[in-house]
>>> print(open('protein-v9.cif').read())   # mmCIF, C-alpha atoms
data_model
loop_
_atom_site.label_atom_id
_atom_site.label_comp_id
_atom_site.auth_asym_id
_atom_site.auth_seq_id
_atom_site.Cartn_x
_atom_site.Cartn_y
_atom_site.Cartn_z
CA MET A 1 -5.51 35.93 -71.78
CA ASP A 2 -8.04 33.70 -73.53
CA SER A 3 -7.94 35.84 -76.70
CA ASN A 4 -7.01 39.24 -78.05
CA PHE A 5 -10.09 41.38 -77.38
CA VAL A 6 -9.05 44.27 -79.64
CA ALA A 7 -8.22 41.91 -82.53
CA GLU A 8 -11.66 40.30 -82.11
CA LEU A 9 -13.38 43.69 -82.37
CA LYS A 10 -11.30 44.64 -85.42
CA TRP A 11 -12.33 41.73 -87.63
CA ARG A 12 -15.94 42.11 -86.54
CA GLY A 13 -15.97 45.78 -87.61
CA MET A 14 -16.66 46.84 -84.01
CA LEU A 15 -13.61 49.05 -83.42
CA HIS A 16 -13.79 52.75 -84.23
CA ASP A 17 -10.99 54.19 -82.12
CA ALA A 18 -8.80 53.25 -79.16
CA MET A 19 -6.39 55.25 -77.08
CA PRO A 20 -2.74 54.37 -77.83
CA GLY A 21 -1.58 51.48 -75.66
CA THR A 22 -5.06 50.02 -75.07
CA GLU A 23 -4.40 46.72 -76.84
CA GLU A 24 -1.05 46.24 -75.10
CA HIS A 25 -2.62 47.07 -71.71
CA LEU A 26 -5.29 44.40 -72.18
CA LEU A 27 -2.70 41.76 -73.07
CA THR A 28 -0.88 42.17 -69.73
CA GLY A 29 -3.56 40.26 -67.78
CA MET A 30 -7.19 40.45 -66.67
CA GLN A 31 -8.42 44.04 -66.82
CA THR A 32 -11.69 45.75 -65.91
CA ALA A 33 -13.79 47.85 -68.30
CA TYR A 34 -17.23 49.37 -68.26
CA VAL A 35 -19.96 50.54 -70.62
CA GLY A 36 -22.57 53.05 -69.50
CA ILE A 37 -26.23 52.29 -70.21
CA ASP A 38 -28.99 54.88 -70.25
CA PRO A 39 -31.89 53.73 -68.01
CA THR A 40 -34.57 56.02 -69.45
CA ALA A 41 -36.78 53.00 -70.33
CA ASP A 42 -37.52 49.64 -68.71
CA SER A 43 -35.93 47.86 -71.66
CA LEU A 44 -32.86 48.03 -73.82
CA HIS A 45 -33.36 48.48 -77.55
CA ILE A 46 -31.14 47.12 -80.29
CA GLY A 47 -29.18 50.39 -80.38
CA HIS A 48 -27.75 49.35 -76.99
CA LEU A 49 -26.67 45.95 -78.26
CA VAL A 50 -23.29 46.92 -79.70
CA GLY A 51 -22.07 48.08 -76.28
CA VAL A 52 -23.50 44.95 -74.65
CA MET A 53 -21.81 42.72 -77.26
CA MET A 54 -18.51 44.52 -76.58
CA LEU A 55 -18.85 43.71 -72.88
CA ARG A 56 -19.60 40.07 -73.71
CA HIS A 57 -16.56 39.77 -75.98
CA PHE A 58 -14.55 41.44 -73.20
CA GLN A 59 -15.70 38.78 -70.72
CA LEU A 60 -15.10 35.96 -73.20
CA ALA A 61 -11.53 37.24 -73.60
CA GLY A 62 -11.02 36.68 -69.86
CA HIS A 63 -11.54 40.26 -68.64
CA LYS A 64 -14.03 41.63 -66.10
CA PRO A 65 -16.99 43.65 -67.46
CA TYR A 66 -18.95 46.28 -65.55
CA ALA A 67 -22.33 47.43 -66.83
CA LEU A 68 -22.98 50.89 -65.43
CA ILE A 69 -26.61 51.96 -65.21
CA GLY A 70 -26.62 55.75 -65.53
CA GLY A 71 -29.09 56.53 -62.75
CA ALA A 72 -27.45 59.89 -62.01
CA THR A 73 -26.61 60.75 -65.60
CA GLY A 74 -30.11 59.61 -66.60
CA MET A 75 -31.41 62.39 -64.38
CA ILE A 76 -29.37 64.91 -66.37
CA GLY A 77 -29.36 63.89 -70.02
CA ASP A 78 -26.37 63.35 -72.29
CA PRO A 79 -26.06 66.05 -74.97
CA SER A 80 -24.02 63.80 -77.27
CA GLY A 81 -25.75 63.31 -80.60
CA LYS A 82 -28.88 65.11 -79.44
CA SER A 83 -30.30 68.45 -80.48
CA THR A 84 -32.60 68.98 -77.50
CA GLU A 85 -32.63 68.27 -73.80
CA ARG A 86 -34.41 65.09 -72.74
CA ASN A 87 -36.89 64.24 -70.01
CA LEU A 88 -35.54 63.69 -66.52
CA LEU A 89 -36.60 60.65 -64.47
CA ASP A 90 -37.34 60.15 -60.76
CA GLU A 91 -35.45 57.62 -58.64
CA THR A 92 -38.30 55.09 -58.34
CA THR A 93 -38.65 54.86 -62.12
CA LEU A 94 -34.88 54.59 -62.56
CA ARG A 95 -34.67 51.69 -60.07
CA LEU A 96 -37.47 49.77 -61.82
CA ASN A 97 -35.76 50.33 -65.15
CA GLN A 98 -32.45 49.14 -63.69
CA GLU A 99 -33.92 45.79 -62.58
CA ALA A 100 -35.55 45.19 -65.96
CA ILE A 101 -32.29 46.04 -67.78
CA LYS A 102 -30.23 43.74 -65.55
CA GLU A 103 -32.51 40.82 -66.42
CA GLN A 104 -31.94 41.50 -70.13
CA LEU A 105 -28.18 41.92 -69.67
CA SER A 106 -27.99 38.54 -67.92
CA ARG A 107 -28.78 36.90 -71.29
CA PHE A 108 -25.42 38.19 -72.51
CA LEU A 109 -23.21 38.64 -69.45
CA ASP A 110 -22.39 36.10 -66.76
CA PHE A 111 -23.22 37.85 -63.46
CA GLY A 112 -23.49 34.67 -61.39
CA SER A 113 -20.09 33.14 -62.05
CA THR A 114 -17.72 32.45 -59.15
CA SER A 115 -14.75 33.26 -61.39
CA ASP A 116 -12.75 36.47 -61.02
CA ASN A 117 -14.18 37.92 -64.20
CA ALA A 118 -17.88 37.66 -63.29
CA ALA A 119 -19.85 40.63 -64.63
CA VAL A 120 -20.96 43.36 -62.21
CA LEU A 121 -23.86 45.83 -62.44
CA VAL A 122 -23.43 49.23 -60.81
CA ASN A 123 -25.52 52.42 -60.77
CA ASN A 124 -23.78 55.79 -60.66
CA TYR A 125 -26.66 57.21 -58.63
CA ASP A 126 -25.33 55.18 -55.68
CA TRP A 127 -22.14 57.25 -55.47
CA MET A 128 -23.46 60.53 -56.84
CA LYS A 129 -26.50 60.92 -54.57
CA ASP A 130 -24.49 61.84 -51.46
CA ILE A 131 -22.07 64.27 -53.11
CA SER A 132 -22.98 67.91 -52.51
CA PHE A 133 -22.74 70.45 -55.30
CA LEU A 134 -19.97 72.30 -53.44
CA ASP A 135 -17.96 69.10 -52.95
CA PHE A 136 -18.30 68.22 -56.61
CA VAL A 137 -17.20 71.58 -58.01
CA ARG A 138 -14.31 71.75 -55.53
CA ASP A 139 -13.03 68.17 -55.81
CA VAL A 140 -13.79 67.44 -59.46
CA GLY A 141 -14.70 70.59 -61.37
CA LYS A 142 -11.51 72.48 -60.52
CA HIS A 143 -9.38 69.92 -62.36
CA LEU A 144 -10.76 70.74 -65.83
CA THR A 145 -10.88 74.12 -67.55
CA VAL A 146 -13.97 75.42 -69.29
CA ASN A 147 -11.80 75.70 -72.43
CA TYR A 148 -11.16 71.93 -72.27
CA MET A 149 -14.88 71.18 -71.84
CA MET A 150 -15.96 73.60 -74.59
CA ALA A 151 -13.64 71.91 -77.09
CA LYS A 152 -15.65 68.67 -76.99
CA ASP A 153 -17.70 67.95 -80.13
CA SER A 154 -20.85 67.22 -78.13
CA VAL A 155 -20.66 70.74 -76.64
CA ARG A 156 -19.53 72.63 -79.73
CA LYS A 157 -22.34 71.24 -81.87
CA ARG A 158 -24.96 72.38 -79.38
CA LEU A 159 -23.42 75.84 -79.11
CA ASP A 160 -23.05 76.22 -82.86
CA ALA A 161 -24.69 79.33 -84.29
CA GLU A 162 -27.01 77.11 -86.37
CA ALA A 163 -28.18 75.02 -83.42
CA LYS A 164 -31.90 75.51 -82.76
CA GLU A 165 -31.52 75.34 -79.01
CA GLY A 166 -28.63 76.14 -76.71
CA MET A 167 -27.37 73.95 -73.93
CA SER A 168 -28.36 74.08 -70.29
CA PHE A 169 -25.75 74.19 -67.55
CA THR A 170 -27.10 70.80 -66.43
CA GLU A 171 -26.20 69.23 -69.76
CA PHE A 172 -22.87 71.05 -69.87
CA THR A 173 -21.87 69.30 -66.64
CA TYR A 174 -22.70 65.87 -68.09
CA GLN A 175 -19.16 65.15 -69.24
CA LEU A 176 -17.88 65.98 -65.74
CA VAL A 177 -20.34 63.54 -64.16
CA GLN A 178 -19.47 60.79 -66.67
CA GLY A 179 -15.79 61.55 -66.23
CA TYR A 180 -16.23 61.20 -62.47
CA ASP A 181 -17.84 57.77 -63.00
CA PHE A 182 -14.65 56.58 -64.68
CA LEU A 183 -12.55 58.09 -61.90
CA TYR A 184 -14.74 56.45 -59.21
CA LEU A 185 -14.58 53.02 -60.89
CA TYR A 186 -10.83 53.42 -61.32
CA GLN A 187 -10.43 54.28 -57.60
CA HIS A 188 -12.77 51.60 -56.20
CA TYR A 189 -12.68 48.74 -58.72
CA ASN A 190 -9.38 49.26 -60.53
CA CYS A 191 -11.34 49.89 -63.76
CA THR A 192 -8.90 51.09 -66.41
CA LEU A 193 -11.01 51.13 -69.58
CA GLN A 194 -14.26 52.78 -70.63
CA MET A 195 -15.98 51.67 -73.83
CA GLY A 196 -18.87 53.17 -75.76
CA GLY A 197 -20.11 54.47 -79.10
CA SER A 198 -17.91 56.80 -81.12
CA ASP A 199 -20.07 59.77 -80.07
CA GLN A 200 -18.90 59.12 -76.48
CA TRP A 201 -15.20 59.69 -77.18
CA GLY A 202 -15.20 63.19 -75.70
CA ASN A 203 -16.93 62.10 -72.48
CA ILE A 204 -14.66 59.06 -72.11
CA THR A 205 -11.46 61.06 -72.54
CA THR A 206 -12.70 63.53 -69.91
CA GLY A 207 -12.63 60.52 -67.55
CA THR A 208 -9.09 59.57 -68.55
CA GLU A 209 -8.04 63.18 -67.97
CA LEU A 210 -9.52 63.20 -64.45
CA ILE A 211 -7.73 59.91 -63.66
CA ARG A 212 -4.46 61.45 -64.84
CA ARG A 213 -4.88 64.75 -62.97
CA ILE A 214 -6.37 63.51 -59.71
CA GLU A 215 -4.80 60.06 -59.33
CA GLY A 216 -1.75 60.36 -61.57
CA GLY A 217 -3.03 57.14 -63.16
CA LYS A 218 -3.64 55.87 -66.67
CA GLY A 219 -7.11 55.26 -68.05
CA PHE A 220 -7.89 53.98 -71.53
CA ALA A 221 -10.68 54.64 -74.05
CA LEU A 222 -12.14 52.42 -76.76
CA THR A 223 -15.12 53.14 -79.01
CA CYS A 224 -17.20 51.25 -81.55
CA PRO A 225 -18.70 52.75 -84.72
CA LEU A 226 -22.26 54.06 -84.61
CA ILE A 227 -24.31 51.48 -86.48
CA THR A 228 -25.82 52.70 -89.74
CA LYS A 229 -27.91 51.16 -92.51
CA ALA A 230 -26.75 51.01 -96.11
CA ASP A 231 -29.86 52.84 -97.36
CA GLY A 232 -29.29 55.78 -95.02
CA THR A 233 -32.32 55.13 -92.78
CA LYS A 234 -31.79 54.88 -89.05
CA PHE A 235 -30.68 51.55 -87.61
CA GLY A 236 -33.03 50.08 -85.00
CA LYS A 237 -36.08 52.09 -86.05
CA THR A 238 -39.30 50.91 -87.69
CA GLU A 239 -42.63 52.62 -88.39
CA ASP A 240 -43.59 51.62 -84.83
CA GLY A 241 -40.44 53.22 -83.33
CA ASN A 242 -37.53 51.51 -81.58
CA VAL A 243 -36.91 47.77 -81.85
CA TRP A 244 -36.89 46.76 -78.18
CA LEU A 245 -35.51 43.67 -76.44
CA ASP A 246 -38.63 43.46 -74.25
CA ALA A 247 -41.17 41.09 -75.83
CA HIS A 248 -44.09 43.29 -74.69
CA ARG A 249 -42.67 46.32 -76.49
CA THR A 250 -41.47 44.53 -79.65
CA SER A 251 -42.82 41.01 -80.09
CA PRO A 252 -40.36 38.20 -80.93
CA TYR A 253 -42.12 37.89 -84.30
CA LYS A 254 -41.52 41.55 -85.19
CA PHE A 255 -38.01 41.36 -83.73
CA TYR A 256 -37.25 38.37 -85.97
CA GLN A 257 -38.77 40.13 -88.99
CA TYR A 258 -36.58 43.20 -88.44
CA TRP A 259 -33.38 41.18 -88.85
CA LEU A 260 -34.83 38.99 -91.61
CA ASN A 261 -35.60 42.08 -93.68
CA THR A 262 -32.10 43.58 -93.60
CA SER A 263 -30.35 44.25 -96.91
CA ASP A 264 -27.53 42.00 -98.14
CA ALA A 265 -24.90 44.66 -97.34
CA ASP A 266 -26.26 45.22 -93.84
CA ALA A 267 -26.67 41.49 -93.12
CA GLU A 268 -22.99 40.87 -93.91
CA LYS A 269 -22.03 43.65 -91.49
CA TYR A 270 -24.55 42.82 -88.76
CA ILE A 271 -23.82 39.09 -88.59
CA LYS A 272 -20.29 39.94 -87.40
CA ILE A 273 -21.51 42.46 -84.83
CA PHE A 274 -24.67 40.85 -83.44
CA THR A 275 -23.72 37.16 -83.28
CA PHE A 276 -20.91 35.17 -81.71
CA LEU A 277 -20.35 33.05 -84.82
CA SER A 278 -16.68 32.47 -85.63
CA GLU A 279 -14.83 34.23 -88.43
CA LYS A 280 -14.58 30.92 -90.33
CA GLU A 281 -18.32 30.22 -90.01
CA ILE A 282 -19.24 33.76 -91.14
CA GLU A 283 -16.92 33.49 -94.15
CA ARG A 284 -18.67 30.23 -95.10
CA LEU A 285 -22.12 31.85 -94.77
CA VAL A 286 -21.07 34.89 -96.83
CA GLU A 287 -19.75 32.61 -99.57
CA GLU A 288 -22.96 30.57 -99.54
CA HIS A 289 -25.05 33.74 -99.64
CA THR A 290 -23.04 35.23 -102.54
CA LYS A 291 -23.75 32.14 -104.67
CA ALA A 292 -27.51 32.32 -104.10
CA PRO A 293 -28.56 35.73 -102.64
CA HIS A 294 -32.26 34.99 -103.21
CA LEU A 295 -32.13 32.32 -100.48
CA ARG A 296 -31.19 35.07 -97.97
CA THR A 297 -28.85 32.76 -96.06
CA LEU A 298 -27.19 35.58 -94.10
CA GLN A 299 -30.45 37.24 -93.08
CA LYS A 300 -31.97 33.95 -91.91
CA ARG A 301 -28.96 32.96 -89.82
CA LEU A 302 -28.61 36.46 -88.36
CA ALA A 303 -32.30 36.56 -87.40
CA GLU A 304 -32.14 33.06 -85.90
CA GLU A 305 -29.03 33.71 -83.80
CA ILE A 306 -30.13 37.02 -82.34
CA THR A 307 -33.77 36.02 -81.73
CA VAL A 308 -32.70 32.98 -79.67
CA MET A 309 -30.13 35.09 -77.80
CA VAL A 310 -32.59 37.87 -76.88
CA HIS A 311 -35.74 35.74 -76.53
CA SER A 312 -35.74 31.91 -76.76
CA GLN A 313 -35.77 28.94 -79.12
CA ASP A 314 -39.57 28.68 -78.68
CA ASP A 315 -39.98 32.32 -79.67
CA LEU A 316 -37.83 31.75 -82.74
CA ASP A 317 -39.88 28.67 -83.71
CA ASN A 318 -43.07 30.68 -83.35
CA ALA A 319 -41.69 33.57 -85.43
CA GLN A 320 -40.56 31.18 -88.18
CA ILE A 321 -43.97 29.48 -88.28
CA ALA A 322 -45.63 32.90 -88.54
CA THR A 323 -43.29 33.84 -91.39
CA THR A 324 -44.09 30.59 -93.21
CA ILE A 325 -47.82 31.28 -92.86
CA LEU A 326 -47.51 34.67 -94.50
CA PHE A 327 -44.87 33.95 -97.12
CA GLY A 328 -44.61 30.19 -97.58
CA ASN A 329 -46.58 26.99 -98.08
CA SER A 330 -48.10 26.52 -94.65
CA THR A 331 -50.80 24.21 -93.28
CA SER A 332 -53.49 24.29 -90.62
CA GLU A 333 -50.99 22.55 -88.32
CA HIS A 334 -48.68 25.56 -88.63
CA LEU A 335 -51.54 27.90 -87.74
CA LYS A 336 -52.50 25.89 -84.69
CA LYS A 337 -48.93 25.96 -83.38
CA LEU A 338 -48.92 29.77 -83.23
CA ASN A 339 -49.58 31.41 -79.89
CA GLU A 340 -52.59 33.74 -79.86
CA HIS A 341 -50.55 36.95 -79.62
CA THR A 342 -48.50 36.10 -82.71
CA PHE A 343 -51.59 34.96 -84.64
CA LEU A 344 -53.27 38.32 -84.00
CA GLU A 345 -50.08 40.16 -84.86
CA VAL A 346 -49.56 38.30 -88.16
CA PHE A 347 -53.13 39.07 -89.21
CA ASP A 348 -53.27 42.57 -87.73
CA GLY A 349 -55.37 44.78 -90.00
CA VAL A 350 -57.04 41.82 -91.75
CA PRO A 351 -60.85 42.28 -91.92
CA GLN A 352 -62.79 40.23 -89.41
CA ALA A 353 -66.31 39.41 -88.29
CA THR A 354 -67.73 37.93 -85.11
CA VAL A 355 -69.75 34.71 -85.29
CA SER A 356 -71.69 33.12 -82.44
CA ARG A 357 -70.34 29.85 -81.02
CA ASP A 358 -73.87 28.50 -81.34
CA ASP A 359 -73.54 28.77 -85.15
CA LEU A 360 -70.76 26.18 -85.03
CA GLU A 361 -72.73 23.64 -83.04
CA ASN A 362 -74.12 21.89 -86.13
CA GLY A 363 -71.41 23.27 -88.41
CA LEU A 364 -71.27 26.64 -90.21
CA ASP A 365 -71.74 26.22 -93.97
CA MET A 366 -69.27 27.94 -96.32
CA ILE A 367 -71.80 30.24 -98.02
CA ALA A 368 -72.75 31.69 -94.62
CA ALA A 369 -69.10 31.91 -93.57
CA LEU A 370 -68.07 33.73 -96.74
CA SER A 371 -71.05 36.00 -97.31
CA ALA A 372 -74.25 35.91 -95.28
CA LYS A 373 -72.64 35.96 -91.82
CA THR A 374 -69.47 37.91 -92.62
CA SER A 375 -69.67 39.88 -95.91
CA PHE A 376 -66.13 38.67 -96.72
CA LEU A 377 -67.49 38.14 -100.24
CA SER A 378 -70.18 40.43 -101.62
CA SER A 379 -72.88 37.82 -102.33
CA ASN A 380 -73.85 34.19 -101.98
CA GLY A 381 -73.42 33.84 -105.75
CA GLU A 382 -69.81 35.09 -105.59
CA ALA A 383 -69.14 32.70 -102.69
CA ARG A 384 -70.42 29.72 -104.77
CA ARG A 385 -68.33 30.77 -107.79
CA GLU A 386 -65.13 31.05 -105.75
CA LEU A 387 -65.76 27.70 -104.06
CA LYS A 388 -66.32 26.00 -107.45
CA GLN A 389 -63.05 27.51 -108.71
CA ASN A 390 -61.24 25.95 -105.71
CA SER A 391 -59.92 29.33 -104.55
CA ILE A 392 -61.23 29.26 -100.95
CA SER A 393 -59.23 27.96 -97.98
CA VAL A 394 -60.13 27.49 -94.33
CA ASN A 395 -57.09 27.58 -92.05
CA LYS A 396 -54.81 27.24 -95.11
CA GLU A 397 -56.59 24.09 -96.41
CA LYS A 398 -58.63 24.21 -99.66
CA VAL A 399 -62.34 23.52 -99.13
CA ALA A 400 -65.42 22.85 -101.29
CA GLU A 401 -69.00 24.12 -100.92
CA ASP A 402 -70.04 21.16 -98.77
CA PHE A 403 -67.41 21.90 -96.07
CA MET A 404 -68.76 22.79 -92.61
CA ILE A 405 -66.77 24.80 -90.07
CA LYS A 406 -66.89 23.14 -86.64
CA GLU A 407 -65.38 23.83 -83.21
CA SER A 408 -62.57 21.42 -84.02
CA ASP A 409 -61.40 23.87 -86.71
CA LEU A 410 -60.85 26.71 -84.24
CA ILE A 411 -57.39 28.18 -83.77
CA LYS A 412 -56.74 28.80 -80.07
CA ASP A 413 -60.44 27.90 -79.52
CA ARG A 414 -61.46 31.25 -80.95
CA TYR A 415 -60.43 31.97 -84.54
CA VAL A 416 -60.91 30.69 -88.08
CA LEU A 417 -58.79 31.96 -90.97
CA LEU A 418 -60.60 32.29 -94.29
CA GLN A 419 -58.67 32.92 -97.48
CA ARG A 420 -59.50 33.66 -101.10
CA GLY A 421 -56.62 33.12 -103.49
CA LYS A 422 -53.14 33.80 -102.15
CA LYS A 423 -53.45 37.20 -100.50
CA ASN A 424 -57.06 37.88 -99.41
CA TYR A 425 -57.50 36.94 -95.76
CA PHE A 426 -60.45 37.22 -93.38
CA VAL A 427 -60.60 36.26 -89.69
CA LEU A 428 -63.69 34.80 -88.02
CA VAL A 429 -63.80 35.54 -84.30
CA ILE A 430 -66.00 33.09 -82.41
CA GLU A 431 -67.77 34.39 -79.31
#
>>> encode(input="protein-v9.cif", output="structure tokens")
Amino acid sequence: MDSNFVAELKWRGMLHDAMPGTEEHLLTGMQTAYVGIDPTADSLHIGHLVGVMMLRHFQLAGHKPYALIGGATGMIGDPSGKSTERNLLDETTLRLNQEAIKEQLSRFLDFGSTSDNAAVLVNNYDWMKDISFLDFVRDVGKHLTVNYMMAKDSVRKRLDAEAKEGMSFTEFTYQLVQGYDFLYLYQHYNCTLQMGGSDQWGNITTGTELIRRIEGGKGFALTCPLITKADGTKFGKTEDGNVWLDAHRTSPYKFYQYWLNTSDADAEKYIKIFTFLSEKEIERLVEEHTKAPHLRTLQKRLAEEITVMVHSQDDLDNAQIATTILFGNSTSEHLKKLNEHTFLEVFDGVPQATVSRDDLENGLDMIAALSAKTSFLSSNGEARRELKQNSISVNKEKVAEDFMIKESDLIKDRYVLLQRGKKNYFVLVIE
């Protein structure tokens, strides 16, 4: 094999538990493993990324990864780690979500390769949709006792006396359906390993049990830790909700900012999990960061690596320019390089006023721009005082009272950024 997959996960802090013999099994030659992905949205969020990174490391180690879209299980709802039942989706929505997710996965996994270990996308709805209820309970259900299923943590927690809601029969059968997925992939694709988050251990071992009882075969289980933040708040959540991989749901700028704002402790952990940097390179970065934490070396490199991987170099450049505008010494050139969406996002919530394009024809004088036309400043007198004190900027460049705003000053042919001092911004919208 190209490398030891389990050893790679260990040093990266990505291994929580593995069934005995898993590492040895993987060293015998190319093996096949899968990770299940919930298709309840048309985008992955960063909570999905650990499983995706595991599949990528698996492929890099010379093995064959399967990404399983849970079309059938998405219609049921996994009780693991949840206190209530979730919404169920129709097939049309699930198929649309599947296509969007595959496009995102292709940034990490090589689906198009002609090599034996090319990644494969499957949907469990394709093999579950034609199985009747009677067939399922006869051919699968009879192999596991209710006692065995009740012993799983995901079930016991929901049936606990303190649980607010019980558990529907639909959810109770979830582990059987997921276990059958593993059995099906074992039978049809010689898949011998299922991977997932540590909360999936019970569901995964149900699959290994079905493989043992029905096929007399050997399946393996491997889980990664659930990602947490050092301050106890939930990983992958902001005030706006989930941090998505889709640029329309979470912009590249906000995506970049999320990683840039991680704590030192989290950045040291995340850079191992969410990048493909080598152990030697990460050790060098940690050492550099320890010497000068205020430079935020780890956070910057983490944010750069993952933004390019999920989005693009252009999106990273744009996000870095936007960050410089807000927190650094930027120029009008920086502003003009921003795309319109990011400009509006950076200055979201900043007061603004609309000015007619006709007003710019002969140039808009600064007193009008600051007070008469916009009320950015309370009076013409205050505007003159601030201009004399050299505290007014137009598009990040200091201006005097005789400056005139013209069409050539427009950002994206529509905006002008006024600024008093360091932190007071105002946006002119030209219509």
>>> resolve_selection(input="protein-v9.cif", expression="the PyMOL selection byres ((chain A and resi 44-46) around 7)", output="number ranges by chain")
A: 43, 47-49, 101, 236, 242-245
>>> residues_near_point(input="protein-v9.cif", point="(-42.4, 47.8, -82.2)", cutoff="9 Å", atoms="all atoms listed in the file", output="list in words")
Lys237, Thr238, Glu239, Asp240, Gly241, Asn242, Val243, Trp244, His248, Arg249, Thr250, Ser251, Lys254 and Phe255 of chain A
>>> closest_atom_pairs(input="protein-v9.cif", of="range 105-211 of chain A", to="range 216-221 of chain A", cutoff="8 Å", atoms="all atoms listed in the file", output="tab-separated table")
residue	atom	partner	partner_atom	distance
A:Tyr186	CA	A:Gly219	CA	7.9
A:Thr192	CA	A:Gly219	CA	4.8
A:Leu193	CA	A:Phe220	CA	4.7
A:Gln194	CA	A:Ala221	CA	5.3
A:Met195	CA	A:Ala221	CA	6.1
A:Trp201	CA	A:Ala221	CA	7.5
A:Ile204	CA	A:Ala221	CA	6.3
A:Thr205	CA	A:Ala221	CA	6.6
A:Gly207	CA	A:Gly219	CA	7.6
A:Thr208	CA	A:Gly219	CA	4.8
A:Glu209	CA	A:Gly219	CA	8.0
A:Ile211	CA	A:Gly217	CA	5.5
>>> resolve_selection(input="protein-v9.cif", expression="the PyMOL selection byres ((chain A and resi 202) around 8)", output="list in words")
Lys152, Asp153, Ser154, Gln175, Asp199, Gln200, Trp201, Asn203, Ile204, Thr205 and Thr206 of chain A
>>> atom_distance(input="protein-v9.cif", atom1="CA of Ala353 in chain A", atom2="CA of Leu338 in chain A")
20.5 Å
>>> resolve_selection(input="protein-v9.cif", expression="the PyMOL selection byres ((chain A and resi 61) around 12)", output="ChimeraX atom specification")
/A:1-9,26-27,29-32,54-60,62-65,117
>>> residues_around(input="protein-v9.cif", residues="Phe343 in chain A", least_positions_apart="2", cutoff="12 Å", atoms="all atoms listed in the file", output="mmCIF file with C-alpha atoms, keeping the file's coordinate frame")
data_model
loop_
_atom_site.group_PDB
_atom_site.id
_atom_site.type_symbol
_atom_site.label_atom_id
_atom_site.label_comp_id
_atom_site.auth_asym_id
_atom_site.auth_seq_id
_atom_site.Cartn_x
_atom_site.Cartn_y
_atom_site.Cartn_z
ATOM 1 C CA SER A 251 -42.820 41.010 -80.090
ATOM 2 C CA TYR A 253 -42.120 37.890 -84.300
ATOM 3 C CA ASN A 318 -43.070 30.680 -83.350
ATOM 4 C CA ALA A 319 -41.690 33.570 -85.430
ATOM 5 C CA ILE A 321 -43.970 29.480 -88.280
ATOM 6 C CA ALA A 322 -45.630 32.900 -88.540
ATOM 7 C CA THR A 323 -43.290 33.840 -91.390
ATOM 8 C CA ILE A 325 -47.820 31.280 -92.860
ATOM 9 C CA LEU A 326 -47.510 34.670 -94.500
ATOM 10 C CA HIS A 334 -48.680 25.560 -88.630
ATOM 11 C CA LEU A 335 -51.540 27.900 -87.740
ATOM 12 C CA LYS A 336 -52.500 25.890 -84.690
ATOM 13 C CA LYS A 337 -48.930 25.960 -83.380
ATOM 14 C CA LEU A 338 -48.920 29.770 -83.230
ATOM 15 C CA ASN A 339 -49.580 31.410 -79.890
ATOM 16 C CA GLU A 340 -52.590 33.740 -79.860
ATOM 17 C CA HIS A 341 -50.550 36.950 -79.620
ATOM 18 C CA GLU A 345 -50.080 40.160 -84.860
ATOM 19 C CA VAL A 346 -49.560 38.300 -88.160
ATOM 20 C CA PHE A 347 -53.130 39.070 -89.210
ATOM 21 C CA ASP A 348 -53.270 42.570 -87.730
ATOM 22 C CA GLY A 349 -55.370 44.780 -90.000
ATOM 23 C CA VAL A 350 -57.040 41.820 -91.750
ATOM 24 C CA ASN A 395 -57.090 27.580 -92.050
ATOM 25 C CA ILE A 411 -57.390 28.180 -83.770
ATOM 26 C CA LYS A 412 -56.740 28.800 -80.070
ATOM 27 C CA ARG A 414 -61.460 31.250 -80.950
ATOM 28 C CA TYR A 415 -60.430 31.970 -84.540
ATOM 29 C CA VAL A 416 -60.910 30.690 -88.080
ATOM 30 C CA LEU A 417 -58.790 31.960 -90.970
ATOM 31 C CA VAL A 427 -60.600 36.260 -89.690
#
>>> residues_around(input="protein-v9.cif", residues="Glu431 in chain A", least_positions_apart="2", cutoff="12 Å", atoms="all atoms listed in the file", output="mmCIF file with C-alpha atoms, in the coordinates of the input")
data_model
loop_
_atom_site.group_PDB
_atom_site.id
_atom_site.type_symbol
_atom_site.label_atom_id
_atom_site.label_comp_id
_atom_site.auth_asym_id
_atom_site.auth_seq_id
_atom_site.Cartn_x
_atom_site.Cartn_y
_atom_site.Cartn_z
ATOM 1 C CA ALA A 353 -66.310 39.410 -88.290
ATOM 2 C CA THR A 354 -67.730 37.930 -85.110
ATOM 3 C CA VAL A 355 -69.750 34.710 -85.290
ATOM 4 C CA SER A 356 -71.690 33.120 -82.440
ATOM 5 C CA ARG A 357 -70.340 29.850 -81.020
ATOM 6 C CA ASP A 358 -73.870 28.500 -81.340
ATOM 7 C CA ASP A 359 -73.540 28.770 -85.150
ATOM 8 C CA LEU A 360 -70.760 26.180 -85.030
ATOM 9 C CA GLU A 407 -65.380 23.830 -83.210
ATOM 10 C CA LEU A 410 -60.850 26.710 -84.240
ATOM 11 C CA ASP A 413 -60.440 27.900 -79.520
ATOM 12 C CA ARG A 414 -61.460 31.250 -80.950
ATOM 13 C CA TYR A 415 -60.430 31.970 -84.540
ATOM 14 C CA VAL A 416 -60.910 30.690 -88.080
ATOM 15 C CA LEU A 428 -63.690 34.800 -88.020
ATOM 16 C CA VAL A 429 -63.800 35.540 -84.300
#
>>> atom_distance(input="protein-v9.cif", atom1="CA of Leu387 in chain A", atom2="CA of Glu401 in chain A")
5.8 Å
>>> closest_residue(input="protein-v9.cif", among="A:Leu260, A:Val122, A:Met150, A:Ile214", to="Arg95 in chain A", atoms="only C-alpha atoms")
A:Val122
>>> decode(input="protein-v9.cif", residues="range 114-118 of chain A", atoms="C-alpha atoms", output="compact mmCIF listing (two decimals), in the first residue's frame")
# COMPACT_ATOMS: atom_id res chain seq x y z
CA THR A 114 -9.19 5.00 -14.53
CA SER A 115 -7.28 3.40 -11.66
CA ASP A 116 -8.74 0.57 -9.59
CA ASN A 117 -9.24 2.82 -6.58
CA ALA A 118 -11.39 5.49 -8.27
